[in-house]
Structures are given as structure tokens and as C-alpha cells.
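First the structure, in the form of C-alpha cells, and then the observations on it.
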Amino acid sequence: MLSKKIVDRINLQINREMYSANLYMAMSARQSETGYLGIANWLMVQYHEEMFHAMKFFNYLIDQSASPVVAKIDAPEITTAEVKKTFEHVLEHEKFVTGSIRELLELAIAEKDYATENLVRWYINEQVEEEKNATEILQNLELLGDNKQALFMINIELGKRVVTIPVDFTNLPPAVTP
Ligand code: FEO
């Protein structure tokens, strides 16, 4: 059985993952408006990844006979459609999420909650990937130069990204794994 502290903290994390999903959906809309449909595609795939992160925690609470809370999600703040600034924002946001996941892991360890610890370690690894993806895109922008030709190439490249995680969360078995 999970402690109230752990359940509340996982529910906060569900909210943060859903905020992340909305943030990337909003960024995707801005990129579509400016014609960068490949970049918009990458960001929408990221939306699905974030929903998967939220649902993995959601299903864990159900499996542990605890109550997931679907709370109000803050509106994402998008201040730019500029591609480099958008990916700087993605990286900055992922660093925030990494910090949040680390906090949750530290709580699970402090409480000797080994089941939650095991689950959260999956997210620790996932965050390495999340930060790496954003960093690589920023490195490519640096290498190619932040000009229209480079952006056109990056747009084509990011348009190839496909969803590799489950996007239908109905009737999933308890152990949801990517
Ligand atoms: Fe769910 Fe992008 O971290």
C-alpha cells in the first residue's frame, strides 16, 4: 500500500506530465502556423510520449489501489515560434521534469517504497533520453546554422519521427511498458 505522501506526489507528477503534453501540443500548433510541419510532427509525437508518461503513473496508482487525481492543468506559456528558442524551451522544460522525477525518486527511497522506486527509475532513464533528444536538435541547429536552409533540412528530418509508444490507454494490461 502506498503512503498518502507518495500518492500525492505521483498525482503531482501526473499533472506535470500532462502539462508537458499540452506544452508540446501548443508548440506544435505554433510550428504548423509557420509552415514547419515536420517540426510540428516531432512536437506532436512528443505530446503522445508525455501522455504515455502520465498514463504509466496513472495505471500504477490503479494497480496499487490508490486514486489518480485528474487536476486542473495550467495553460502552457509559449512566447515564441522561433525554432531554436522553441527547442531551448523544450530542453529547459525537460531539465525541470528531470528534477521533479529525481525528487520523487528521493521520496520513494526515503520511504523505503521499493515498488515506487522501481517504477521511478524507469523515468530516470527516460529523462536521459528526453534531454538527449532536445540537446541533439539544438546541436544540429548550431552545426547547420540557424538559417532558412538549415531549418528546412531539420524540418524534413523531424518530420520522420513516429510514435513508438501505446497511444490507446483503454484496456491496457497493468504493466504498461513501451
Ligand atoms: Fe515526461 Fe518529457 O518528460
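A note on labels: chains of the C-alpha cells are A, B, ... as shown, every chain counts residues from 1, and ligands are counted from 1 in their shown order.
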>> as a ChimeraX atom specification, please: every protein or nucleic acid residue near ligand 1 (cut-off 6 Å, counting only C-alpha atoms and all ligand atoms).
In response: /A:17,50,53,94,97,130
Next, dump the selected residues to file, keeping only N, CA, C and O atoms, as a PDB file, in the first residue's frame.
ATOM      1  N   GLU A  17       3.248  15.850 -16.113  1.00  0.00           N
ATOM      2  CA  GLU A  17       3.403  15.163 -17.399  1.00  0.00           C
ATOM      3  C   GLU A  17       2.312  15.639 -18.373  1.00  0.00           C
ATOM      4  O   GLU A  17       2.572  15.823 -19.561  1.00  0.00           O
ATOM      5  N   GLU A  50       4.456  12.225 -23.693  1.00  0.00           N
ATOM      6  CA  GLU A  50       4.130  12.786 -22.366  1.00  0.00           C
ATOM      7  C   GLU A  50       2.833  12.191 -21.815  1.00  0.00           C
ATOM      8  O   GLU A  50       2.735  11.920 -20.613  1.00  0.00           O
ATOM      9  N   HIS A  53       3.704   8.970 -20.414  1.00  0.00           N
ATOM     10  CA  HIS A  53       4.341   9.113 -19.096  1.00  0.00           C
ATOM     11  C   HIS A  53       3.278   9.315 -18.007  1.00  0.00           C
ATOM     12  O   HIS A  53       3.359   8.731 -16.927  1.00  0.00           O
ATOM     13  N   GLU A  94      12.509  20.002 -20.018  1.00  0.00           N
ATOM     14  CA  GLU A  94      12.889  18.622 -19.691  1.00  0.00           C
ATOM     15  C   GLU A  94      13.817  18.571 -18.482  1.00  0.00           C
ATOM     16  O   GLU A  94      13.746  17.638 -17.684  1.00  0.00           O
ATOM     17  N   VAL A  97      11.632  18.715 -15.561  1.00  0.00           N
ATOM     18  CA  VAL A  97      10.970  17.415 -15.327  1.00  0.00           C
ATOM     19  C   VAL A  97      11.962  16.433 -14.695  1.00  0.00           C
ATOM     20  O   VAL A  97      11.607  15.687 -13.777  1.00  0.00           O
ATOM     21  N   GLU A 130      15.109  12.018 -22.997  1.00  0.00           N
ATOM     22  CA  GLU A 130      14.370  13.261 -23.275  1.00  0.00           C
ATOM     23  C   GLU A 130      15.326  14.448 -23.428  1.00  0.00           C
ATOM     24  O   GLU A 130      15.200  15.241 -24.355  1.00  0.00           O
TER      25      GLU A 130
END
>> Need the shell around Asp168 (chain A): protein/DNA/RNA residues with any atom at most 10 Å away, counting only C-alpha atoms. Skip same-chain ones fewer than 3 positions apart. Format as a PyMOL selection string?
In response: chain A and resi 48+52+165+171-172
Saved selection, atoms kept: N, CA, C and O atoms, as an mmCIF file, in the first residue's frame:
data_model
loop_
_atom_site.group_PDB
_atom_site.id
_atom_site.type_symbol
_atom_site.label_atom_id
_atom_site.label_comp_id
_atom_site.auth_asym_id
_atom_site.auth_seq_id
_atom_site.Cartn_x
_atom_site.Cartn_y
_atom_site.Cartn_z
ATOM 1 N N HIS A 48 2.401 12.762 -27.409
ATOM 2 C CA HIS A 48 1.987 11.383 -27.105
ATOM 3 C C HIS A 48 2.915 10.741 -26.067
ATOM 4 O O HIS A 48 2.463 10.001 -25.198
ATOM 5 N N PHE A 52 1.810 9.274 -22.447
ATOM 6 C CA PHE A 52 2.193 7.929 -22.011
ATOM 7 C C PHE A 52 2.843 7.971 -20.625
ATOM 8 O O PHE A 52 2.558 7.136 -19.764
ATOM 9 N N ILE A 165 5.200 4.462 -28.846
ATOM 10 C CA ILE A 165 4.622 4.018 -27.565
ATOM 11 C C ILE A 165 3.107 3.831 -27.751
ATOM 12 O O ILE A 165 2.532 4.336 -28.722
ATOM 13 N N ASN A 171 -8.094 -0.382 -21.748
ATOM 14 C CA ASN A 171 -7.909 -1.817 -21.552
ATOM 15 C C ASN A 171 -6.465 -2.298 -21.654
ATOM 16 O O ASN A 171 -6.193 -3.408 -22.128
ATOM 17 N N LEU A 172 -5.543 -1.429 -21.249
ATOM 18 C CA LEU A 172 -4.143 -1.858 -21.248
ATOM 19 C C LEU A 172 -3.929 -2.833 -20.095
ATOM 20 O O LEU A 172 -4.544 -2.703 -19.044
#
> What's the 10 Å shell around Asn155 (chain A), counting only C-alpha atoms, without same-chain residues fewer than 2 positions away, as a VMD selection string?
Replying inline: chain A and resid 31 35 to 42 83 149 to 153 157 to 160
Those same residues - N, CA, C and O atoms - I'd like them written as a PDB file, in the first residue's frame.
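File selection.pdb, as written:
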ATOM      1  N   GLN A  31       4.298  25.845 -34.676  1.00  0.00           N
ATOM      2  CA  GLN A  31       5.147  25.444 -35.799  1.00  0.00           C
ATOM      3  C   GLN A  31       4.313  25.171 -37.051  1.00  0.00           C
ATOM      4  O   GLN A  31       4.731  25.496 -38.154  1.00  0.00           O
ATOM      5  N   GLY A  35       4.456  26.928 -40.900  1.00  0.00           N
ATOM      6  CA  GLY A  35       4.742  26.060 -42.055  1.00  0.00           C
ATOM      7  C   GLY A  35       5.766  24.977 -41.800  1.00  0.00           C
ATOM      8  O   GLY A  35       6.078  24.192 -42.694  1.00  0.00           O
ATOM      9  N   TYR A  36       6.300  24.922 -40.590  1.00  0.00           N
ATOM     10  CA  TYR A  36       7.273  23.867 -40.283  1.00  0.00           C
ATOM     11  C   TYR A  36       6.529  22.616 -39.802  1.00  0.00           C
ATOM     12  O   TYR A  36       6.502  22.296 -38.618  1.00  0.00           O
ATOM     13  N   LEU A  37       5.956  21.909 -40.768  1.00  0.00           N
ATOM     14  CA  LEU A  37       5.081  20.783 -40.415  1.00  0.00           C
ATOM     15  C   LEU A  37       5.861  19.589 -39.867  1.00  0.00           C
ATOM     16  O   LEU A  37       5.330  18.811 -39.067  1.00  0.00           O
ATOM     17  N   GLY A  38       7.125  19.442 -40.277  1.00  0.00           N
ATOM     18  CA  GLY A  38       7.953  18.357 -39.740  1.00  0.00           C
ATOM     19  C   GLY A  38       8.268  18.602 -38.266  1.00  0.00           C
ATOM     20  O   GLY A  38       8.218  17.674 -37.448  1.00  0.00           O
ATOM     21  N   ILE A  39       8.581  19.842 -37.944  1.00  0.00           N
ATOM     22  CA  ILE A  39       8.866  20.184 -36.540  1.00  0.00           C
ATOM     23  C   ILE A  39       7.582  20.030 -35.720  1.00  0.00           C
ATOM     24  O   ILE A  39       7.597  19.514 -34.601  1.00  0.00           O
ATOM     25  N   ALA A  40       6.466  20.434 -36.325  1.00  0.00           N
ATOM     26  CA  ALA A  40       5.167  20.276 -35.653  1.00  0.00           C
ATOM     27  C   ALA A  40       4.900  18.795 -35.385  1.00  0.00           C
ATOM     28  O   ALA A  40       4.396  18.411 -34.322  1.00  0.00           O
ATOM     29  N   ASN A  41       5.271  17.947 -36.353  1.00  0.00           N
ATOM     30  CA  ASN A  41       5.103  16.491 -36.181  1.00  0.00           C
ATOM     31  C   ASN A  41       5.920  15.988 -35.004  1.00  0.00           C
ATOM     32  O   ASN A  41       5.423  15.249 -34.145  1.00  0.00           O
ATOM     33  N   TRP A  42       7.188  16.389 -34.925  1.00  0.00           N
ATOM     34  CA  TRP A  42       8.078  15.953 -33.827  1.00  0.00           C
ATOM     35  C   TRP A  42       7.456  16.323 -32.479  1.00  0.00           C
ATOM     36  O   TRP A  42       7.424  15.521 -31.537  1.00  0.00           O
ATOM     37  N   VAL A  83      12.359  28.609 -34.013  1.00  0.00           N
ATOM     38  CA  VAL A  83      12.679  27.189 -33.829  1.00  0.00           C
ATOM     39  C   VAL A  83      13.732  26.956 -32.747  1.00  0.00           C
ATOM     40  O   VAL A  83      13.543  26.132 -31.848  1.00  0.00           O
ATOM     41  N   GLN A 149      17.723  27.530 -44.822  1.00  0.00           N
ATOM     42  CA  GLN A 149      18.078  26.266 -45.466  1.00  0.00           C
ATOM     43  C   GLN A 149      18.255  25.164 -44.402  1.00  0.00           C
ATOM     44  O   GLN A 149      17.773  24.044 -44.568  1.00  0.00           O
ATOM     45  N   ALA A 150      18.944  25.509 -43.324  1.00  0.00           N
ATOM     46  CA  ALA A 150      19.162  24.546 -42.239  1.00  0.00           C
ATOM     47  C   ALA A 150      17.825  24.157 -41.611  1.00  0.00           C
ATOM     48  O   ALA A 150      17.569  22.977 -41.335  1.00  0.00           O
ATOM     49  N   LEU A 151      16.991  25.139 -41.390  1.00  0.00           N
ATOM     50  CA  LEU A 151      15.689  24.858 -40.781  1.00  0.00           C
ATOM     51  C   LEU A 151      14.848  23.961 -41.685  1.00  0.00           C
ATOM     52  O   LEU A 151      14.115  23.086 -41.215  1.00  0.00           O
ATOM     53  N   PHE A 152      14.981  24.166 -42.989  1.00  0.00           N
ATOM     54  CA  PHE A 152      14.243  23.341 -43.954  1.00  0.00           C
ATOM     55  C   PHE A 152      14.686  21.883 -43.827  1.00  0.00           C
ATOM     56  O   PHE A 152      13.859  20.968 -43.778  1.00  0.00           O
ATOM     57  N   MET A 153      16.008  21.665 -43.701  1.00  0.00           N
ATOM     58  CA  MET A 153      16.531  20.296 -43.564  1.00  0.00           C
ATOM     59  C   MET A 153      16.095  19.673 -42.236  1.00  0.00           C
ATOM     60  O   MET A 153      15.694  18.516 -42.180  1.00  0.00           O
ATOM     61  N   GLU A 157      13.850  16.281 -41.418  1.00  0.00           N
ATOM     62  CA  GLU A 157      14.343  15.232 -40.519  1.00  0.00           C
ATOM     63  C   GLU A 157      13.346  14.970 -39.384  1.00  0.00           C
ATOM     64  O   GLU A 157      12.996  13.825 -39.086  1.00  0.00           O
ATOM     65  N   LEU A 158      12.878  16.029 -38.768  1.00  0.00           N
ATOM     66  CA  LEU A 158      11.970  15.864 -37.619  1.00  0.00           C
ATOM     67  C   LEU A 158      10.587  15.371 -38.053  1.00  0.00           C
ATOM     68  O   LEU A 158       9.850  14.790 -37.260  1.00  0.00           O
ATOM     69  N   GLY A 159      10.302  15.553 -39.324  1.00  0.00           N
ATOM     70  CA  GLY A 159       9.029  15.055 -39.863  1.00  0.00           C
ATOM     71  C   GLY A 159       8.986  13.546 -39.951  1.00  0.00           C
ATOM     72  O   GLY A 159       7.921  12.945 -40.123  1.00  0.00           O
ATOM     73  N   LYS A 160      10.156  12.912 -39.809  1.00  0.00           N
ATOM     74  CA  LYS A 160      10.214  11.441 -39.917  1.00  0.00           C
ATOM     75  C   LYS A 160       9.906  10.751 -38.588  1.00  0.00           C
ATOM     76  O   LYS A 160       9.774   9.533 -38.531  1.00  0.00           O
TER      77      LYS A 160
END
> Quick one, how far is CA of Ile78 (chain A) from CA of Glu126 (chain A)?
Replying inline: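 One can read the CA of Ile78 (chain A) to CA of Glu126 (chain A) distance as 24.2 Å.
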>> Let's see if you can do this: from backbone DSSP, list all helix (DSSP H, G or I) residues in chain A, as a ChimeraX atom specification.
In response: /A:4-33,37-63,83-110,114-144,148-158
Dump C-alpha atoms for the selected residues as a compact mmCIF listing (two decimals), in the first residue's frame?
# COMPACT_ATOMS: atom_id res chain seq x y z
CA LYS A 4 -0.51 9.39 1.14
CA LYS A 5 2.69 11.37 0.59
CA ILE A 6 3.71 9.11 -2.32
CA VAL A 7 0.21 9.12 -3.86
CA ASP A 8 0.04 12.93 -3.67
CA ARG A 9 3.50 13.27 -5.18
CA ILE A 10 2.69 10.85 -8.02
CA ASN A 11 -0.51 12.79 -8.69
CA LEU A 12 1.54 15.99 -8.88
CA GLN A 13 3.81 14.22 -11.38
CA ILE A 14 0.81 13.12 -13.46
CA ASN A 15 -0.23 16.77 -13.61
CA ARG A 16 3.28 17.81 -14.66
CA GLU A 17 3.40 15.16 -17.40
CA MET A 18 0.02 16.31 -18.72
CA TYR A 19 1.24 19.92 -18.61
CA SER A 20 4.25 18.76 -20.65
CA ALA A 21 1.90 17.14 -23.19
CA ASN A 22 -0.09 20.37 -23.54
CA LEU A 23 3.10 22.43 -23.78
CA TYR A 24 4.33 20.38 -26.74
CA MET A 25 0.90 20.38 -28.39
CA ALA A 26 0.84 24.20 -28.14
CA MET A 27 4.38 24.41 -29.55
CA SER A 28 3.31 22.09 -32.36
CA ALA A 29 0.45 24.40 -33.25
CA ARG A 30 2.82 27.39 -33.47
CA GLN A 31 5.15 25.44 -35.80
CA SER A 32 2.23 24.38 -38.02
CA GLU A 33 1.19 28.01 -38.32
CA LEU A 37 5.08 20.78 -40.41
CA GLY A 38 7.95 18.36 -39.74
CA ILE A 39 8.87 20.18 -36.54
CA ALA A 40 5.17 20.28 -35.65
CA ASN A 41 5.10 16.49 -36.18
CA TRP A 42 8.08 15.95 -33.83
CA LEU A 43 6.36 18.00 -31.15
CA MET A 44 3.06 16.11 -31.54
CA VAL A 45 4.92 12.80 -31.17
CA GLN A 46 6.36 14.32 -28.00
CA TYR A 47 2.80 15.12 -26.88
CA HIS A 48 1.99 11.38 -27.11
CA GLU A 49 5.17 10.48 -25.21
CA GLU A 50 4.13 12.79 -22.37
CA MET A 51 0.62 11.37 -22.24
CA PHE A 52 2.19 7.93 -22.01
CA HIS A 53 4.34 9.11 -19.10
CA ALA A 54 1.22 10.41 -17.34
CA MET A 55 -0.75 7.21 -18.02
CA LYS A 56 2.06 4.98 -16.78
CA PHE A 57 1.84 6.70 -13.39
CA PHE A 58 -1.98 6.68 -13.60
CA ASN A 59 -2.05 2.90 -14.15
CA TYR A 60 0.48 2.37 -11.37
CA LEU A 61 -1.84 4.12 -8.89
CA ILE A 62 -4.76 1.97 -10.09
CA ASP A 63 -2.61 -1.18 -9.74
CA VAL A 83 12.68 27.19 -33.83
CA LYS A 84 15.91 27.47 -31.83
CA LYS A 85 14.17 29.23 -28.95
CA THR A 86 11.43 26.58 -29.04
CA PHE A 87 13.96 23.77 -28.58
CA GLU A 88 15.79 25.73 -25.89
CA HIS A 89 12.44 25.87 -24.13
CA VAL A 90 11.97 22.10 -24.66
CA LEU A 91 15.40 21.38 -23.11
CA GLU A 92 14.82 23.76 -20.20
CA HIS A 93 11.43 22.15 -19.54
CA GLU A 94 12.89 18.62 -19.69
CA LYS A 95 15.55 19.64 -17.15
CA PHE A 96 12.74 20.79 -14.87
CA VAL A 97 10.97 17.41 -15.33
CA THR A 98 14.22 15.57 -14.59
CA GLY A 99 14.50 17.49 -11.31
CA SER A 100 10.90 16.65 -10.49
CA ILE A 101 11.44 12.92 -11.18
CA ARG A 102 14.59 12.94 -9.03
CA GLU A 103 12.58 14.46 -6.15
CA LEU A 104 10.05 11.67 -6.49
CA LEU A 105 12.79 9.03 -6.50
CA GLU A 106 14.35 10.56 -3.38
CA LEU A 107 10.96 10.43 -1.64
CA ALA A 108 10.44 6.77 -2.62
CA ILE A 109 13.91 5.89 -1.31
CA ALA A 110 13.34 7.82 1.93
CA TYR A 114 10.70 -0.18 -3.36
CA ALA A 115 7.87 -0.68 -5.86
CA THR A 116 7.61 3.06 -6.49
CA GLU A 117 11.38 3.30 -6.58
CA ASN A 118 11.49 0.66 -9.34
CA LEU A 119 8.86 2.49 -11.35
CA VAL A 120 10.53 5.90 -10.98
CA ARG A 121 13.90 4.52 -12.07
CA TRP A 122 12.27 3.87 -15.48
CA TYR A 123 11.53 7.61 -15.65
CA ILE A 124 15.10 8.47 -14.59
CA ASN A 125 16.34 6.60 -17.68
CA GLU A 126 13.63 8.12 -19.84
CA GLN A 127 14.72 11.62 -18.83
CA VAL A 128 18.25 10.93 -20.08
CA GLU A 129 16.66 10.23 -23.47
CA GLU A 130 14.37 13.26 -23.28
CA GLU A 131 17.23 15.67 -22.58
CA LYS A 132 19.44 13.98 -25.19
CA ASN A 133 16.79 14.38 -27.92
CA ALA A 134 16.40 18.11 -27.33
CA THR A 135 20.17 18.61 -26.97
CA GLU A 136 20.83 16.84 -30.29
CA ILE A 137 18.35 19.02 -32.13
CA LEU A 138 19.97 22.14 -30.64
CA GLN A 139 23.43 20.83 -31.61
CA ASN A 140 22.22 20.28 -35.19
CA LEU A 141 20.89 23.83 -35.28
CA GLU A 142 24.31 25.04 -34.10
CA LEU A 143 26.17 22.93 -36.68
CA LEU A 144 23.96 23.74 -39.64
CA LYS A 148 16.26 29.01 -43.55
CA GLN A 149 18.08 26.27 -45.47
CA ALA A 150 19.16 24.55 -42.24
CA LEU A 151 15.69 24.86 -40.78
CA PHE A 152 14.24 23.34 -43.95
CA MET A 153 16.53 20.30 -43.56
CA ILE A 154 15.78 19.93 -39.86
CA ASN A 155 12.09 20.25 -40.64
CA ILE A 156 12.34 17.28 -43.04
CA GLU A 157 14.34 15.23 -40.52
CA LEU A 158 11.97 15.86 -37.62
> In Å, with one decimal, what is the gap from CA of Ala75 (chain A) to CA of Thr34 (chain A)?
Replying inline: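 That distance, rounded to one decimal, is 21.2 Å.
Between CA of Leu2 (chain A) and CA of Val70 (chain A) lies a distance of 18.2 Å.
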